[in-house]
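Trainee: File model_24.pdb below, PDB, C-alpha atoms:
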MODEL        1
ATOM      1  CA  MET X   1      38.968  -4.650 -38.107
ATOM      2  CA  GLU X   2      38.735  -8.183 -36.751
ATOM      3  CA  LYS X   3      36.882  -8.706 -33.483
ATOM      4  CA  VAL X   4      37.922 -11.684 -31.328
ATOM      5  CA  VAL X   5      35.898 -12.612 -28.255
ATOM      6  CA  ILE X   6      38.439 -14.106 -25.852
ATOM      7  CA  ILE X   7      36.120 -14.510 -22.853
ATOM      8  CA  ASP X   8      32.351 -14.240 -22.669
ATOM      9  CA  TYR X   9      31.128 -15.256 -19.222
ATOM     10  CA  THR X  10      27.750 -14.941 -17.517
ATOM     11  CA  GLY X  11      27.285 -16.221 -13.988
ATOM     12  CA  ALA X  12      28.300 -15.951 -10.376
ATOM     13  CA  ILE X  13      31.886 -14.895  -9.663
ATOM     14  CA  HIS X  14      33.882 -16.752  -7.003
ATOM     15  CA  TYR X  15      37.626 -17.196  -6.536
ATOM     16  CA  ASP X  16      37.476 -20.471  -8.483
ATOM     17  CA  THR X  17      35.707 -18.683 -11.334
ATOM     18  CA  ILE X  18      38.422 -16.015 -11.428
ATOM     19  CA  GLY X  19      41.060 -18.747 -11.689
ATOM     20  CA  GLU X  20      39.205 -20.450 -14.540
ATOM     21  CA  LEU X  21      38.787 -17.191 -16.466
ATOM     22  CA  ILE X  22      42.483 -16.355 -16.008
ATOM     23  CA  HIS X  23      43.355 -19.805 -17.372
ATOM     24  CA  GLN X  24      41.010 -19.242 -20.326
ATOM     25  CA  PHE X  25      42.726 -15.920 -21.093
ATOM     26  CA  LYS X  26      46.203 -17.468 -20.770
ATOM     27  CA  SER X  27      45.267 -20.151 -23.306
ATOM     28  CA  HIS X  28      44.649 -17.417 -25.916
ATOM     29  CA  VAL X  29      48.030 -15.711 -25.440
ATOM     30  CA  PRO X  30      50.011 -17.892 -27.892
ATOM     31  CA  ILE X  31      47.116 -18.127 -30.367
ATOM     32  CA  LEU X  32      46.692 -14.339 -30.596
ATOM     33  CA  GLY X  33      50.384 -13.509 -30.162
ATOM     34  CA  ILE X  34      49.687 -11.184 -27.243
ATOM     35  CA  GLN X  35      52.778  -9.225 -26.201
ATOM     36  CA  ILE X  36      53.961  -9.782 -22.605
ATOM     37  CA  GLY X  37      53.345  -6.143 -21.606
ATOM     38  CA  THR X  38      49.794  -6.248 -22.954
ATOM     39  CA  TYR X  39      49.203  -9.648 -21.358
ATOM     40  CA  LYS X  40      50.184  -8.308 -17.936
ATOM     41  CA  LYS X  41      47.988  -5.213 -18.266
ATOM     42  CA  VAL X  42      44.922  -7.145 -19.438
ATOM     43  CA  LEU X  43      45.439  -9.786 -16.741
ATOM     44  CA  LEU X  44      45.709  -7.201 -13.952
ATOM     45  CA  VAL X  45      42.613  -5.330 -15.151
ATOM     46  CA  MET X  46      40.740  -8.647 -15.455
ATOM     47  CA  ILE X  47      41.570  -9.596 -11.877
ATOM     48  CA  GLU X  48      40.569  -6.180 -10.491
ATOM     49  CA  SER X  49      37.340  -6.200 -12.481
ATOM     50  CA  LEU X  50      36.381  -9.724 -11.428
ATOM     51  CA  GLU X  51      37.213  -9.050  -7.781
ATOM     52  CA  ASN X  52      35.043  -5.922  -7.894
ATOM     53  CA  ILE X  53      32.113  -7.992  -9.151
ATOM     54  CA  MET X  54      32.705 -10.604  -6.461
ATOM     55  CA  LYS X  55      33.036  -8.068  -3.610
ATOM     56  CA  TYR X  56      30.454  -5.455  -4.530
ATOM     57  CA  ARG X  57      27.659  -7.292  -6.349
ATOM     58  CA  GLU X  58      24.267  -6.740  -4.774
ATOM     59  CA  CYS X  59      21.713  -9.554  -4.931
ATOM     60  CA  PRO X  60      18.200  -8.163  -4.760
ATOM     61  CA  ALA X  61      15.681 -10.573  -3.275
ATOM     62  CA  GLN X  62      12.117 -11.158  -4.373
ATOM     63  CA  THR X  63       9.375 -11.017  -1.774
ATOM     64  CA  ASP X  64       9.530 -14.818  -1.410
ATOM     65  CA  GLY X  65      13.233 -14.587  -0.430
ATOM     66  CA  ASN X  66      14.689 -15.840  -3.725
ATOM     67  CA  GLU X  67      17.209 -13.763  -5.656
ATOM     68  CA  ILE X  68      15.968 -11.889  -8.690
ATOM     69  CA  GLY X  69      17.983 -12.965 -11.727
ATOM     70  CA  PHE X  70      20.612 -10.219 -12.009
ATOM     71  CA  THR X  71      23.547 -12.247 -13.222
ATOM     72  CA  PRO X  72      27.030 -10.690 -13.520
ATOM     73  CA  LEU X  73      28.570 -10.478 -16.982
ATOM     74  CA  PHE X  74      32.248 -10.418 -17.910
ATOM     75  CA  SER X  75      34.051 -10.388 -21.255
ATOM     76  CA  VAL X  76      37.410  -9.708 -22.859
ATOM     77  CA  VAL X  77      37.321  -8.713 -26.517
ATOM     78  CA  LYS X  78      40.183  -7.880 -28.877
ATOM     79  CA  GLU X  79      39.489  -5.404 -31.674
ATOM     80  CA  GLY X  80      42.494  -4.400 -33.743
ATOM     81  CA  ASP X  81      45.221  -3.331 -31.340
ATOM     82  CA  ARG X  82      42.884  -2.781 -28.370
ATOM     83  CA  TYR X  83      41.536  -5.063 -25.666
ATOM     84  CA  PHE X  84      38.194  -4.295 -24.022
ATOM     85  CA  ILE X  85      37.545  -5.686 -20.551
ATOM     86  CA  ASN X  86      33.792  -5.438 -19.914
ATOM     87  CA  SER X  87      31.908  -6.176 -16.726
ATOM     88  CA  CYS X  88      28.386  -5.725 -15.452
ATOM     89  CA  ASN X  89      26.930  -6.289 -11.999
ATOM     90  CA  THR X  90      24.037  -5.090  -9.884
ATOM     91  CA  LEU X  91      24.370  -2.352  -7.275
ATOM     92  CA  GLU X  92      21.987  -0.663  -4.907
ATOM     93  CA  TYR X  93      20.637   2.516  -6.476
ATOM     94  CA  ASN X  94      21.728   4.623  -3.498
ATOM     95  CA  LYS X  95      25.408   3.756  -4.179
ATOM     96  CA  MET X  96      25.314   4.979  -7.777
ATOM     97  CA  GLU X  97      25.897   8.689  -7.153
ATOM     98  CA  SER X  98      29.059   8.285  -5.054
ATOM     99  CA  LEU X  99      30.467   5.717  -7.496
ATOM    100  CA  GLU X 100      29.783   7.995 -10.455
ATOM    101  CA  LYS X 101      31.528  10.893  -8.688
ATOM    102  CA  ARG X 102      34.597   8.705  -8.164
ATOM    103  CA  LEU X 103      34.593   7.663 -11.834
ATOM    104  CA  ILE X 104      34.222  11.256 -13.053
ATOM    105  CA  ASN X 105      37.077  12.293 -10.766
ATOM    106  CA  LEU X 106      39.315   9.481 -12.071
ATOM    107  CA  ASN X 107      38.529  10.310 -15.691
ATOM    108  CA  ASN X 108      39.462  13.951 -15.106
ATOM    109  CA  LEU X 109      42.906  13.129 -13.696
ATOM    110  CA  THR X 110      46.112  13.061 -15.714
ATOM    111  CA  PRO X 111      48.240   9.880 -15.577
ATOM    112  CA  GLN X 112      50.447  11.609 -12.985
ATOM    113  CA  GLY X 113      47.342  12.681 -11.067
ATOM    114  CA  ILE X 114      46.133   9.079 -10.984
ATOM    115  CA  LYS X 115      49.483   7.946  -9.561
ATOM    116  CA  GLU X 116      49.316  10.621  -6.863
ATOM    117  CA  PHE X 117      45.685   9.777  -6.068
ATOM    118  CA  TYR X 118      46.661   6.097  -5.781
ATOM    119  CA  LYS X 119      49.462   6.910  -3.315
ATOM    120  CA  GLU X 120      47.151   9.161  -1.297
ATOM    121  CA  THR X 121      44.422   6.485  -1.189
ATOM    122  CA  ILE X 122      46.784   3.672  -0.245
ATOM    123  CA  THR X 123      48.219   5.661   2.659
ATOM    124  CA  ASN X 124      44.981   7.133   4.079
ATOM    125  CA  GLY X 125      43.998   3.786   5.625
ATOM    126  CA  GLN X 126      40.240   4.043   5.076
ATOM    127  CA  PHE X 127      38.813   0.661   4.195
ATOM    128  CA  SER X 128      35.246  -0.272   3.276
ATOM    129  CA  GLN X 129      33.216  -3.114   4.775
ATOM    130  CA  GLN X 130      34.225  -5.224   1.763
ATOM    131  CA  GLY X 131      37.890  -4.743   2.715
ATOM    132  CA  GLY X 132      38.932  -2.331  -0.039
ATOM    133  CA  ALA X 133      40.104   1.248   0.064
ATOM    134  CA  GLY X 134      38.698   2.019  -3.388
ATOM    135  CA  LEU X 135      41.937   1.047  -5.060
ATOM    136  CA  GLY X 136      40.434  -1.239  -7.718
ATOM    137  CA  LEU X 137      39.099   1.496  -9.996
ATOM    138  CA  ILE X 138      42.217   3.617  -9.480
ATOM    139  CA  GLU X 139      44.414   0.625 -10.279
ATOM    140  CA  MET X 140      42.463  -0.129 -13.479
ATOM    141  CA  ALA X 141      42.702   3.506 -14.611
ATOM    142  CA  LYS X 142      46.435   3.547 -13.847
ATOM    143  CA  ILE X 143      47.144   0.270 -15.640
ATOM    144  CA  SER X 144      45.052   0.943 -18.741
ATOM    145  CA  GLY X 145      46.120   4.532 -19.291
ATOM    146  CA  ASN X 146      42.678   5.179 -20.795
ATOM    147  CA  LYS X 147      39.447   6.738 -19.576
ATOM    148  CA  ILE X 148      37.031   4.416 -17.830
ATOM    149  CA  GLU X 149      33.771   3.955 -19.712
ATOM    150  CA  TYR X 150      30.729   3.177 -17.583
ATOM    151  CA  MET X 151      26.960   3.119 -17.597
ATOM    152  CA  PHE X 152      24.206   2.728 -15.016
ATOM    153  CA  GLN X 153      20.925   1.164 -16.084
ATOM    154  CA  ARG X 154      18.001   1.230 -13.692
ATOM    155  CA  VAL X 155      16.662  -2.258 -12.962
ATOM    156  CA  ASN X 156      13.959  -1.316 -10.498
ATOM    157  CA  GLU X 157      13.338   1.190  -7.716
ATOM    158  CA  ASP X 158      16.240  -0.095  -5.601
ATOM    159  CA  TYR X 159      18.864  -1.420  -8.037
ATOM    160  CA  VAL X 160      20.944  -0.518 -11.079
ATOM    161  CA  ASN X 161      23.127  -2.553 -13.398
ATOM    162  CA  PHE X 162      26.601  -1.063 -13.427
ATOM    163  CA  SER X 163      28.529  -1.675 -16.660
ATOM    164  CA  LEU X 164      32.235  -0.954 -16.828
ATOM    165  CA  ARG X 165      34.530  -0.974 -19.854
ATOM    166  CA  ILE X 166      38.301  -0.698 -19.539
ATOM    167  CA  THR X 167      40.405  -0.367 -22.689
ATOM    168  CA  VAL X 168      43.979  -1.631 -22.848
ATOM    169  CA  ASP X 169      46.028  -0.708 -25.900
ATOM    170  CA  GLU X 170      48.405  -3.253 -27.416
ATOM    171  CA  PHE X 171      51.834  -2.849 -25.891
ATOM    172  CA  PRO X 172      54.446  -1.909 -28.516
ATOM    173  CA  ASN X 173      56.411  -4.819 -29.919
ATOM    174  CA  TYR X 174      60.100  -4.046 -29.644
ATOM    175  CA  SER X 175      61.887  -6.698 -31.641
ATOM    176  CA  GLN X 176      65.662  -7.081 -31.625
ATOM    177  CA  ASN X 177      65.847  -5.942 -35.254
ATOM    178  CA  THR X 178      64.230  -2.555 -34.658
ATOM    179  CA  ARG X 179      66.105  -1.578 -31.519
ATOM    180  CA  LYS X 180      69.456   0.053 -31.994
ATOM    181  CA  ILE X 181      71.875  -0.269 -29.138
ATOM    182  CA  LYS X 182      74.668   2.213 -29.152
ATOM    183  CA  THR X 183      77.953   0.713 -28.120
ATOM    184  CA  THR X 184      81.267   2.371 -27.614
ATOM    185  CA  PRO X 185      84.590   0.577 -27.810
ATOM    186  CA  LEU X 186      86.485   0.144 -24.552
TER     187      LEU X 186
ENDMDL
END
Could you show the structure in this file as C-alpha cells?

Mentor:
Amino acid sequence: MEKVVIIDYTGAIHYDTIGELIHQFKSHVPILGIQIGTYKKVLLVMIESLENIMKYRECPAQTDGNEIGFTPLFSVVKEGDRYFINSCNTLEYNKMESLEKRLINLNNLTPQGIKEFYKETITNGQFSQQGGAGLGLIEMAKISGNKIEYMFQRVNEDYVNFSLRITVDEFPNYSQNTRKIKTTPL
C-alpha cells in the first residue's frame, strides 16, 4: 500500500499558517485525484484540527521566561483509500483527564448519537475562554465517521503532548457509467 505524505508541518500555527496549509493540500487534489466528497471531509477536519492547535496550545515557560521548545506538529498522509490527519500540541497536565473523558464519550457514541450530541452542545450555549463550545472534536468525529485515535505523552510535571489522529475514508467514486437512472416514459 502506497503512503503519500501530503503535508508534514512543524511550527507555530496562526491563521496565515492555516491558509498556507490549506493551499498546500488543495495543490495535491488534482495530482492524487482526490474525490470532491473526500476533499471536503479532509479539508474540514484539517481546519478544525489546526484551529484546535492554535486555540488550545499551551506554551510552558522556562524559569528564565523563554518558552520550552514544544512545537506543534501537523500532517496529512494518504495510505491506500484512507487519509490520516495527525496533530500534536502541548497541554497542561491538569486538562488531560477531562479531555480524555470527552474523547472516550465521543468514541462510544453511534453516528446518530454524535449528531444528537452535536445538536445538544450547539444549543446549550456554554463557551470556553477560548471561544469554543467543544464543537471541534464533535465535528471531526461527525465528519470522519471513524473513531478518534489519541495519545497523551507526559513532557514534564505540568505538561503533556496531546496527539490526535483522525481517519477519513475515501469517498466512493460514482461515475456516470456505474450509476443507473431509472426513467419512465411520459

Trainee: Could you tell me how far atom CA of X:Asn89 sits from atom CA of X:Val168, in Å to one decimal place?

Mentor: 20.7 Å

Trainee: From the set X:Asp81, X:Glu139, X:Glu149, X:Asp158, which residue has the shortest atom-to-atom contact distance to X:Ile47, counting all atoms listed in the file?

Mentor: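 Among X:Asp81, X:Glu139, X:Glu149, X:Asp158, it is X:Glu139 that comes nearest to X:Ile47.
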
Trainee: Give the answer as one residue: which of X:Ser27, X:Ser49, X:Gln153, X:Gln35 has the shortest atom-to-atom distance to X:Asn86, using only C-alpha atoms?

Mentor: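 Using only C-alpha atoms, the shortest distance to X:Asn86 belongs to X:Ser49.
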
Trainee: Give the answer as one residue: which of X:Ile114, X:Met46, X:Leu32, X:Leu21 has the shortest atom-to-atom distance to X:Tyr9, using all atoms listed in the file?

Mentor: X:Leu21

Trainee: What gap, in Å, lies between atom CA of X:Arg165 and atom CA of X:Val5?

Mentor: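 Atom CA of X:Val5 lies 14.4 Å from atom CA of X:Arg165.
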
Trainee: Please list, as a ChimeraX atom specification, the residues that have an atom at most 7 Å away from (42.8, 5.4, -8.0) in the coordinates of this file, counting all atoms listed in the file.

Mentor: /X:106,114,117-118,135,137-139,141

Trainee: Output C-alpha atoms of each residue in that selection to a file, as a PDB file, in the frame of the given file.

Mentor:
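Result saved to part-v8.pdb:
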ATOM      1  CA  LEU X 106      39.315   9.481 -12.071  1.00  0.00           C
ATOM      2  CA  ILE X 114      46.133   9.079 -10.984  1.00  0.00           C
ATOM      3  CA  PHE X 117      45.685   9.777  -6.068  1.00  0.00           C
ATOM      4  CA  TYR X 118      46.661   6.097  -5.781  1.00  0.00           C
ATOM      5  CA  LEU X 135      41.937   1.047  -5.060  1.00  0.00           C
ATOM      6  CA  LEU X 137      39.099   1.496  -9.996  1.00  0.00           C
ATOM      7  CA  ILE X 138      42.217   3.617  -9.480  1.00  0.00           C
ATOM      8  CA  GLU X 139      44.414   0.625 -10.279  1.00  0.00           C
ATOM      9  CA  ALA X 141      42.702   3.506 -14.611  1.00  0.00           C
TER      10      ALA X 141
END
